[in-house]
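Below: one structure, written as structure tokens.
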Amino acid sequence: MRTLVLNAGYEPLAVVSFKRAIILVLNKKATVLQGAANQVVRSASGEYELPSVILLSRYVRIPGAKAVPVSRRGVLRRDNHRCAYCGRAANTIDHIHPKSRGGKDSWENLVACCLRCNNLKSDKPLAEIGWTLKVTPKMPTGHVWSVRGAESLDPNWDAYLQLAA
């Protein structure tokens, strides 16, 4: 079970394990805004509602949280696991401007790519082989991308994520 963490301004910050969420609540660093329906955690000293959404008492913001860090998983997710060159299912990523020729690891230079296209392209720039992109790569935006650990969303979080949007 995972828990959505909101800052004092009700902005989503992260998704944490229910264990971490309970520790924050027991240490009075957070309060439970919404619990998981009829689910409890038992300990030797008590019984606690399993938190689905918690609100931190003092934490306001994460510096630099607007920039989404580049990752292989993130590039594949942004491109919906589709090859930017042919449109087939992708399971690798490719540097549009090859790293061997000065290309950087950035959202604008990385795309999802199928193994066949990745091997055919090798370390050549697109102009050299006459290929074009089916998509324009850019850094993803939106509240889902700014919440650390949110790969898939719990329906209980919808109201809180819509407040942030």
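Every chain in the structure tokens takes a letter, A first, then B, and so on in the order presented; its residues are numbered from 1, and the ligands are numbered from 1 following the presented order.
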Nearby residues (only C-alpha atoms) at most 8 Å from range 133-136 of chain A, same-chain spacing under 5 positions excluded, as a ChimeraX atom specification | /A:84-87,108
With a distance cut-off of 6 Å and only C-alpha atoms, select the neighbouring residues of range 93-101 of chain A, excluding the residue or stretch itself and same-chain residues fewer than 4 positions from it, and output the selection as a ChimeraX atom specification.
-> /A:109-113,123,125
Could you please take those selected residues and save C-alpha atoms as a tab-separated table (two decimals), in the first residue's frame?
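And here is the file that came out, selection.tsv:
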```
chain	number	residue	atom	x	y	z
A	109	ASN	CA	17.85	14.65	-26.56
A	110	LEU	CA	16.42	11.31	-25.37
A	111	VAL	CA	13.58	9.34	-26.95
A	112	ALA	CA	12.09	5.89	-26.58
A	113	CYS	CA	13.34	3.56	-29.28
A	123	ASP	CA	25.88	6.57	-33.24
A	125	PRO	CA	22.85	11.93	-36.12
```
All alpha helix (DSSP H) positions in range 29-96 of chain A, as number ranges by chain | A: 72-78
Selection near range 73-77 of chain A, 12 Å with only C-alpha atoms, sequence-local residues under 2 positions removed, as a count of residues only = 40
